[in-house]
Amino acid sequence: MSAAAIPVEHIKTITMSIYRYDPTVDKKPYMQDIVVEIPTDKDIMVLDALHLAKNQEPSLSYRRSCREGVCGSDGMNINGKNGLACVTPLSEVLKRGKITLRPMPGLPVVRDLIVDMKQFFDQLEKVKPYLITKSDSPDMERKQTPEEREELDGLYECILCGCCSTSCPSFWWNPDKFLGPAALLQSWRFIADSRDEATEERLDDLEDAFSLYRCHGIMNCVSVCPKGLNPTEAISNIRNKLLTREKA
Amino acid sequence: MIEKDNRPVNLNLLTISLPIIGLSSILHRISGLAIFFSFPLVVWLFSVSLKSEESFVVLTNLLQSSFLLKTMTYLILVGFSYHLLAGFKKLLSDAFGIGETLESGRLLSWLVFGATFVMAIYFLTVVF
């Protein structure tokens, strides 16, 4: 999108205050104000505005891919709240002509708005986010009733953008021990799956003081999820399952 | 590979917004901690009040004359009320799964704040 193509009467300027850090040059991160011209005759997304800022500051770095809320690359902290830049309308977050963008909290910053998601994916790996079966494979496929399939609604949609886990204070303080909302949502997604045959092992793995029980119901995860999912509810379901199961 | 991770982390809490449900949860912890530390004082006041009839009268007079003691009593009462109400909210969610959606969680948080406010006003009339 080129600003030059827009008639002058449909242009206004906004200030984007952006977290900058280049490890090869900067000792510390700093905030840089970039003034960009945006169209007034239509709404654009925060990601579009970032592109406009990058036209001026080519060194500005951020992740993006699908630009429509499917890939989960452009999670960032927009005016203090985590979200996907590509599906956040600028009009919703612009305050007195200004917007502040920072990297997602709690994870090491690689550069500008890019964080190292290793801790996040390490925790996901621990919950074994794939179907585990022990019985012989049926000839055709492992079937589910429509009702059993419905159990996975609100769970399978997660795109692993990291907005929830990086907004969770419990995850900030214990990113290596507390699994975090995203990983726990996935954990419940497979515990709830009628085809999965490793429920007991999955629950065993969660039964310590940190993995699951560090969730204190702060619900920042639910507040920020760009897909409208509810990790708090998933965690609560796992907790109930842990409390009511009969131990062998 | 660098051994020590020198990379910055964006974790300036003043720049990160805290939704109402999160605020009520954090205040639950803070009020709990405050009550814990005020516990010796409360126990001491209680033991003095039970010692004898005279000490009870002395204590009552002290509570009615000392602004500092009044303020402390007031803060303990408000903190305890908040902690109790927020605890009920937590129990509702733990036991019945109530308040685990964004809407119900927000509503319950507001209710806890509202009820605490009403009680705070009431204690204001009682203590001072």
# chains A, B, ... in the order shown; residues from 1 in each chain; ligands from 1
$ select_by_dssp --residues "region 6-131 of chain A" --states "strand (DSSP E)" --output "PyMOL selection string"
chain A and resi 11-20+30-39+75-78+81-84+98-102+109-111+114-115
$ residues_around --residues "Ala86 (chain B)" --least-positions-apart "3" --cutoff "7 Å" --atoms "only C-alpha atoms" --output "ChimeraX atom specification"
/B:28,82-83,89-90,112
$ interface_residues --of "chain A" --to "chain B" --cutoff "6 Å" --atoms "only C-alpha atoms" --output "ChimeraX atom specification"
/A:80-81,105-109,218,233
$ select_by_dssp --residues "chain B" --states "helix (DSSP H, G or I)" --output "VMD selection string"
chain B and resid 13 to 15 20 to 51 53 to 65 67 to 96 102 to 127
$ atom_distance --atom1 "CA of Gln144 (chain A)" --atom2 "CA of Cys221 (chain A)"
29.5 Å
$ atom_distance --atom1 "CA of Trp44 (chain B)" --atom2 "CA of Ile76 (chain B)"
14.0 Å
$ residues_around --residues "Lys12 (chain A)" --least-positions-apart "3" --cutoff "8 Å" --atoms "only C-alpha atoms" --output "PyMOL selection string"
chain A and resi 37-40
$ atom_distance --atom1 "CA of Arg189 (chain A)" --atom2 "CA of Leu155 (chain A)"
5.5 Å
$ decode --residues "region 155-191 of chain A" --atoms "N, CA, C and O atoms" --output "PDB file, in the first residue's frame"
ATOM      1  N   LEU A 155     -10.975 -25.807  20.875  1.00  0.00           N
ATOM      2  CA  LEU A 155      -9.651 -26.292  21.268  1.00  0.00           C
ATOM      3  C   LEU A 155      -8.732 -26.425  20.050  1.00  0.00           C
ATOM      4  O   LEU A 155      -7.581 -26.003  20.077  1.00  0.00           O
ATOM      5  N   TYR A 156      -9.274 -27.016  18.988  1.00  0.00           N
ATOM      6  CA  TYR A 156      -8.425 -27.285  17.819  1.00  0.00           C
ATOM      7  C   TYR A 156      -8.078 -26.014  17.059  1.00  0.00           C
ATOM      8  O   TYR A 156      -7.141 -25.988  16.262  1.00  0.00           O
ATOM      9  N   GLU A 157      -8.821 -24.917  17.297  1.00  0.00           N
ATOM     10  CA  GLU A 157      -8.634 -23.698  16.508  1.00  0.00           C
ATOM     11  C   GLU A 157      -7.359 -22.928  16.855  1.00  0.00           C
ATOM     12  O   GLU A 157      -6.989 -21.995  16.149  1.00  0.00           O
ATOM     13  N   CYS A 158      -6.705 -23.309  17.940  1.00  0.00           N
ATOM     14  CA  CYS A 158      -5.516 -22.560  18.381  1.00  0.00           C
ATOM     15  C   CYS A 158      -4.454 -22.521  17.294  1.00  0.00           C
ATOM     16  O   CYS A 158      -4.134 -23.538  16.679  1.00  0.00           O
ATOM     17  N   ILE A 159      -3.906 -21.325  17.034  1.00  0.00           N
ATOM     18  CA  ILE A 159      -2.893 -21.174  15.994  1.00  0.00           C
ATOM     19  C   ILE A 159      -1.491 -20.988  16.580  1.00  0.00           C
ATOM     20  O   ILE A 159      -0.548 -20.696  15.860  1.00  0.00           O
ATOM     21  N   LEU A 160      -1.372 -21.130  17.896  1.00  0.00           N
ATOM     22  CA  LEU A 160      -0.075 -21.057  18.568  1.00  0.00           C
ATOM     23  C   LEU A 160       0.669 -19.748  18.315  1.00  0.00           C
ATOM     24  O   LEU A 160       1.864 -19.742  18.040  1.00  0.00           O
ATOM     25  N   CYS A 161      -0.062 -18.647  18.401  1.00  0.00           N
ATOM     26  CA  CYS A 161       0.571 -17.345  18.191  1.00  0.00           C
ATOM     27  C   CYS A 161       1.354 -16.921  19.424  1.00  0.00           C
ATOM     28  O   CYS A 161       2.266 -16.109  19.336  1.00  0.00           O
ATOM     29  N   GLY A 162       0.956 -17.462  20.591  1.00  0.00           N
ATOM     30  CA  GLY A 162       1.686 -17.139  21.818  1.00  0.00           C
ATOM     31  C   GLY A 162       1.139 -15.946  22.577  1.00  0.00           C
ATOM     32  O   GLY A 162       1.676 -15.564  23.622  1.00  0.00           O
ATOM     33  N   CYS A 163       0.071 -15.336  22.080  1.00  0.00           N
ATOM     34  CA  CYS A 163      -0.494 -14.153  22.760  1.00  0.00           C
ATOM     35  C   CYS A 163      -0.897 -14.488  24.193  1.00  0.00           C
ATOM     36  O   CYS A 163      -0.665 -13.701  25.114  1.00  0.00           O
ATOM     37  N   CYS A 164      -1.518 -15.662  24.392  1.00  0.00           N
ATOM     38  CA  CYS A 164      -2.020 -16.004  25.725  1.00  0.00           C
ATOM     39  C   CYS A 164      -0.888 -16.249  26.714  1.00  0.00           C
ATOM     40  O   CYS A 164      -0.828 -15.641  27.775  1.00  0.00           O
ATOM     41  N   SER A 165       0.021 -17.148  26.350  1.00  0.00           N
ATOM     42  CA  SER A 165       1.071 -17.519  27.307  1.00  0.00           C
ATOM     43  C   SER A 165       1.946 -16.322  27.672  1.00  0.00           C
ATOM     44  O   SER A 165       2.378 -16.183  28.813  1.00  0.00           O
ATOM     45  N   THR A 166       2.189 -15.423  26.694  1.00  0.00           N
ATOM     46  CA  THR A 166       3.052 -14.282  26.995  1.00  0.00           C
ATOM     47  C   THR A 166       2.292 -13.145  27.681  1.00  0.00           C
ATOM     48  O   THR A 166       2.865 -12.091  27.948  1.00  0.00           O
ATOM     49  N   SER A 167       0.996 -13.339  27.942  1.00  0.00           N
ATOM     50  CA  SER A 167       0.267 -12.338  28.736  1.00  0.00           C
ATOM     51  C   SER A 167       0.001 -12.868  30.135  1.00  0.00           C
ATOM     52  O   SER A 167      -0.623 -12.211  30.961  1.00  0.00           O
ATOM     53  N   CYS A 168       0.491 -14.097  30.402  1.00  0.00           N
ATOM     54  CA  CYS A 168       0.174 -14.779  31.656  1.00  0.00           C
ATOM     55  C   CYS A 168       1.279 -14.576  32.696  1.00  0.00           C
ATOM     56  O   CYS A 168       2.410 -15.030  32.504  1.00  0.00           O
ATOM     57  N   PRO A 169       0.972 -13.889  33.807  1.00  0.00           N
ATOM     58  CA  PRO A 169       1.990 -13.680  34.840  1.00  0.00           C
ATOM     59  C   PRO A 169       2.611 -14.987  35.348  1.00  0.00           C
ATOM     60  O   PRO A 169       3.812 -15.046  35.595  1.00  0.00           O
ATOM     61  N   SER A 170       1.812 -16.037  35.481  1.00  0.00           N
ATOM     62  CA  SER A 170       2.358 -17.313  35.946  1.00  0.00           C
ATOM     63  C   SER A 170       3.415 -17.833  34.973  1.00  0.00           C
ATOM     64  O   SER A 170       4.411 -18.430  35.374  1.00  0.00           O
ATOM     65  N   PHE A 171       3.189 -17.593  33.678  1.00  0.00           N
ATOM     66  CA  PHE A 171       4.158 -18.019  32.673  1.00  0.00           C
ATOM     67  C   PHE A 171       5.393 -17.110  32.678  1.00  0.00           C
ATOM     68  O   PHE A 171       6.512 -17.581  32.486  1.00  0.00           O
ATOM     69  N   TRP A 172       5.198 -15.811  32.951  1.00  0.00           N
ATOM     70  CA  TRP A 172       6.358 -14.908  33.020  1.00  0.00           C
ATOM     71  C   TRP A 172       7.342 -15.366  34.089  1.00  0.00           C
ATOM     72  O   TRP A 172       8.544 -15.378  33.867  1.00  0.00           O
ATOM     73  N   TRP A 173       6.796 -15.735  35.258  1.00  0.00           N
ATOM     74  CA  TRP A 173       7.693 -16.040  36.375  1.00  0.00           C
ATOM     75  C   TRP A 173       8.252 -17.462  36.280  1.00  0.00           C
ATOM     76  O   TRP A 173       9.322 -17.740  36.817  1.00  0.00           O
ATOM     77  N   ASN A 174       7.532 -18.371  35.645  1.00  0.00           N
ATOM     78  CA  ASN A 174       8.014 -19.751  35.553  1.00  0.00           C
ATOM     79  C   ASN A 174       7.869 -20.334  34.143  1.00  0.00           C
ATOM     80  O   ASN A 174       7.185 -21.328  33.954  1.00  0.00           O
ATOM     81  N   PRO A 175       8.505 -19.696  33.150  1.00  0.00           N
ATOM     82  CA  PRO A 175       8.289 -20.154  31.772  1.00  0.00           C
ATOM     83  C   PRO A 175       8.841 -21.556  31.503  1.00  0.00           C
ATOM     84  O   PRO A 175       8.507 -22.164  30.493  1.00  0.00           O
ATOM     85  N   ASP A 176       9.681 -22.042  32.411  1.00  0.00           N
ATOM     86  CA  ASP A 176      10.241 -23.379  32.196  1.00  0.00           C
ATOM     87  C   ASP A 176       9.460 -24.449  32.953  1.00  0.00           C
ATOM     88  O   ASP A 176       9.516 -25.625  32.610  1.00  0.00           O
ATOM     89  N   LYS A 177       8.705 -24.026  33.985  1.00  0.00           N
ATOM     90  CA  LYS A 177       8.014 -25.035  34.797  1.00  0.00           C
ATOM     91  C   LYS A 177       6.494 -25.032  34.577  1.00  0.00           C
ATOM     92  O   LYS A 177       5.879 -26.088  34.531  1.00  0.00           O
ATOM     93  N   PHE A 178       5.904 -23.841  34.499  1.00  0.00           N
ATOM     94  CA  PHE A 178       4.469 -23.762  34.217  1.00  0.00           C
ATOM     95  C   PHE A 178       4.281 -23.869  32.703  1.00  0.00           C
ATOM     96  O   PHE A 178       4.934 -23.169  31.937  1.00  0.00           O
ATOM     97  N   LEU A 179       3.409 -24.771  32.280  1.00  0.00           N
ATOM     98  CA  LEU A 179       3.278 -25.035  30.845  1.00  0.00           C
ATOM     99  C   LEU A 179       2.693 -23.848  30.077  1.00  0.00           C
ATOM    100  O   LEU A 179       2.972 -23.670  28.893  1.00  0.00           O
ATOM    101  N   GLY A 180       1.878 -23.066  30.739  1.00  0.00           N
ATOM    102  CA  GLY A 180       1.289 -21.907  30.073  1.00  0.00           C
ATOM    103  C   GLY A 180      -0.032 -22.268  29.399  1.00  0.00           C
ATOM    104  O   GLY A 180      -0.273 -23.422  29.074  1.00  0.00           O
ATOM    105  N   PRO A 181      -0.900 -21.235  29.219  1.00  0.00           N
ATOM    106  CA  PRO A 181      -2.243 -21.488  28.689  1.00  0.00           C
ATOM    107  C   PRO A 181      -2.271 -22.190  27.328  1.00  0.00           C
ATOM    108  O   PRO A 181      -3.105 -23.062  27.103  1.00  0.00           O
ATOM    109  N   ALA A 182      -1.377 -21.809  26.418  1.00  0.00           N
ATOM    110  CA  ALA A 182      -1.438 -22.398  25.071  1.00  0.00           C
ATOM    111  C   ALA A 182      -1.179 -23.896  25.124  1.00  0.00           C
ATOM    112  O   ALA A 182      -1.922 -24.698  24.541  1.00  0.00           O
ATOM    113  N   ALA A 183      -0.119 -24.294  25.845  1.00  0.00           N
ATOM    114  CA  ALA A 183       0.220 -25.720  25.922  1.00  0.00           C
ATOM    115  C   ALA A 183      -0.861 -26.486  26.672  1.00  0.00           C
ATOM    116  O   ALA A 183      -1.203 -27.616  26.303  1.00  0.00           O
ATOM    117  N   LEU A 184      -1.442 -25.873  27.702  1.00  0.00           N
ATOM    118  CA  LEU A 184      -2.471 -26.569  28.481  1.00  0.00           C
ATOM    119  C   LEU A 184      -3.770 -26.713  27.689  1.00  0.00           C
ATOM    120  O   LEU A 184      -4.474 -27.710  27.817  1.00  0.00           O
ATOM    121  N   LEU A 185      -4.061 -25.728  26.844  1.00  0.00           N
ATOM    122  CA  LEU A 185      -5.231 -25.857  25.970  1.00  0.00           C
ATOM    123  C   LEU A 185      -5.040 -27.054  25.035  1.00  0.00           C
ATOM    124  O   LEU A 185      -5.955 -27.836  24.798  1.00  0.00           O
ATOM    125  N   GLN A 186      -3.819 -27.195  24.518  1.00  0.00           N
ATOM    126  CA  GLN A 186      -3.526 -28.324  23.642  1.00  0.00           C
ATOM    127  C   GLN A 186      -3.559 -29.640  24.401  1.00  0.00           C
ATOM    128  O   GLN A 186      -3.978 -30.672  23.886  1.00  0.00           O
ATOM    129  N   SER A 187      -3.102 -29.596  25.644  1.00  0.00           N
ATOM    130  CA  SER A 187      -3.144 -30.792  26.470  1.00  0.00           C
ATOM    131  C   SER A 187      -4.593 -31.272  26.601  1.00  0.00           C
ATOM    132  O   SER A 187      -4.903 -32.448  26.393  1.00  0.00           O
ATOM    133  N   TRP A 188      -5.489 -30.341  26.930  1.00  0.00           N
ATOM    134  CA  TRP A 188      -6.906 -30.695  27.074  1.00  0.00           C
ATOM    135  C   TRP A 188      -7.500 -31.129  25.731  1.00  0.00           C
ATOM    136  O   TRP A 188      -8.339 -32.014  25.670  1.00  0.00           O
ATOM    137  N   ARG A 189      -7.030 -30.516  24.646  1.00  0.00           N
ATOM    138  CA  ARG A 189      -7.521 -30.884  23.323  1.00  0.00           C
ATOM    139  C   ARG A 189      -7.321 -32.382  23.069  1.00  0.00           C
ATOM    140  O   ARG A 189      -8.142 -33.043  22.427  1.00  0.00           O
ATOM    141  N   PHE A 190      -6.206 -32.954  23.562  1.00  0.00           N
ATOM    142  CA  PHE A 190      -5.963 -34.382  23.340  1.00  0.00           C
ATOM    143  C   PHE A 190      -6.530 -35.260  24.443  1.00  0.00           C
ATOM    144  O   PHE A 190      -6.875 -36.416  24.202  1.00  0.00           O
ATOM    145  N   ILE A 191      -6.637 -34.699  25.658  1.00  0.00           N
ATOM    146  CA  ILE A 191      -7.308 -35.468  26.720  1.00  0.00           C
ATOM    147  C   ILE A 191      -8.792 -35.615  26.358  1.00  0.00           C
ATOM    148  O   ILE A 191      -9.398 -36.666  26.564  1.00  0.00           O
TER     149      ILE A 191
END
